[in-house]
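Colleague: To start, I am sharing the structure in question, which I have written as structure tokens.
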Amino acid sequence: MIADPLTSVAFSGHRTYCGDAADVLRRTVGELYARGFRTFLSGMAVGFDLAAAEAVLELRERGPGGRPAAAAPSRGQESRFSPADRERFRRVLAAADSVEMLAPAYHRGCYAVRNDFLVDNARVLVAWYDGSPGGTRYTVRRALGRGLEVLDLHPAAPALPAPEPTLFG
């Protein structure tokens, strides 16, 4: 469980992220830590998620830093990753202060469950959103609809999408 969602940050981004904003990502993690955020949630996907988790681990290595947390959609998520990304996944998982395996095995919809978990357990969403449809768009819309602060690090970031409507206004 996430100790305090009010001091937690979640990450969501496209799998096509190739380190384009590594310096901005590290700086953003440091600035959020300086603002009092302590838990940093990664959805553990290839691309932006793993890069963000590694940025949190770098912060922790440099001194008192944030608590990395892994929120994997299911056990075995990494089985289809490349060998290099599988190793990154395992290294991040082993170093995380907390690990949430949200399903015992892959099932249809487990990524949406993971994305909901990220939004429901954070106050800030740091995104790598390029405007394309998919899980990152869904997560950004849901975060906006729930009143989270959303920081999009994509250099050609489009206007953020309309928030996802909520049942409660």
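How things are named: the first chain in the structure tokens is A, the next is B, and so on; residues count from 1 in each chain; ligands count from 1 in the order shown.
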I'd like the contact shell of Asp20 in chain A - 10 Å cut-off, only C-alpha atoms, skipping same-chain residues fewer than 6 positions apart - returned as a PyMOL selection string.
Modeller: chain A and resi 48+128+153-155
Colleague: With range 139-146 of chain A as the partner and 12 Å as the cut-off, tabulate the residues of range 6-86 of chain A that qualify, each row holding the nearest pair of atoms and their distance in Å to one decimal, using only C-alpha atoms, sorted by chain and rising number, as CSV.
Modeller:
```
residue,atom,partner,partner_atom,distance
A:Val9,CA,A:Ala143,CA,11.3
A:Ala10,CA,A:Ala143,CA,9.9
A:Phe11,CA,A:Thr139,CA,9.5
A:Ser12,CA,A:Thr139,CA,7.1
A:Gly13,CA,A:Thr139,CA,9.1
A:His14,CA,A:Thr139,CA,11.1
A:Gly43,CA,A:Thr139,CA,11.1
```
Colleague: Which residues of range 3-78 of chain A have any atom within 6 Å of an atom in range 101-115 of chain A when counting only C-alpha atoms, and what is the closest pair of atoms for each, with the distance in Å to one decimal? Order the rows by chain and rising number and write it as a Markdown table.
Modeller:
```
| residue | atom | partner | partner_atom | distance |
| --- | --- | --- | --- | --- |
| A:Ala72 | CA | A:Met101 | CA | 5.1 |
| A:Pro73 | CA | A:Arg114 | CA | 5.1 |
| A:Ser74 | CA | A:Ala103 | CA | 4.4 |
| A:Arg75 | CA | A:Ala105 | CA | 5.2 |
```
Colleague: When you draw a straight line from CA of Ala45 in chain A to CA of Gly76 in chain A, how long is it in Å?
Modeller: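 Separation of CA of Ala45 in chain A and CA of Gly76 in chain A: 11.7 Å.
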Colleague: Extract, using only C-alpha atoms, all DNA, RNA and protein residues at most 10 Å from range 84-90 of chain A, discarding same-chain residues fewer than 6 positions from it, and format them as a VMD selection string.
Modeller: chain A and resid 44 to 47 49 to 51 53 to 54 70 77 to 78 96
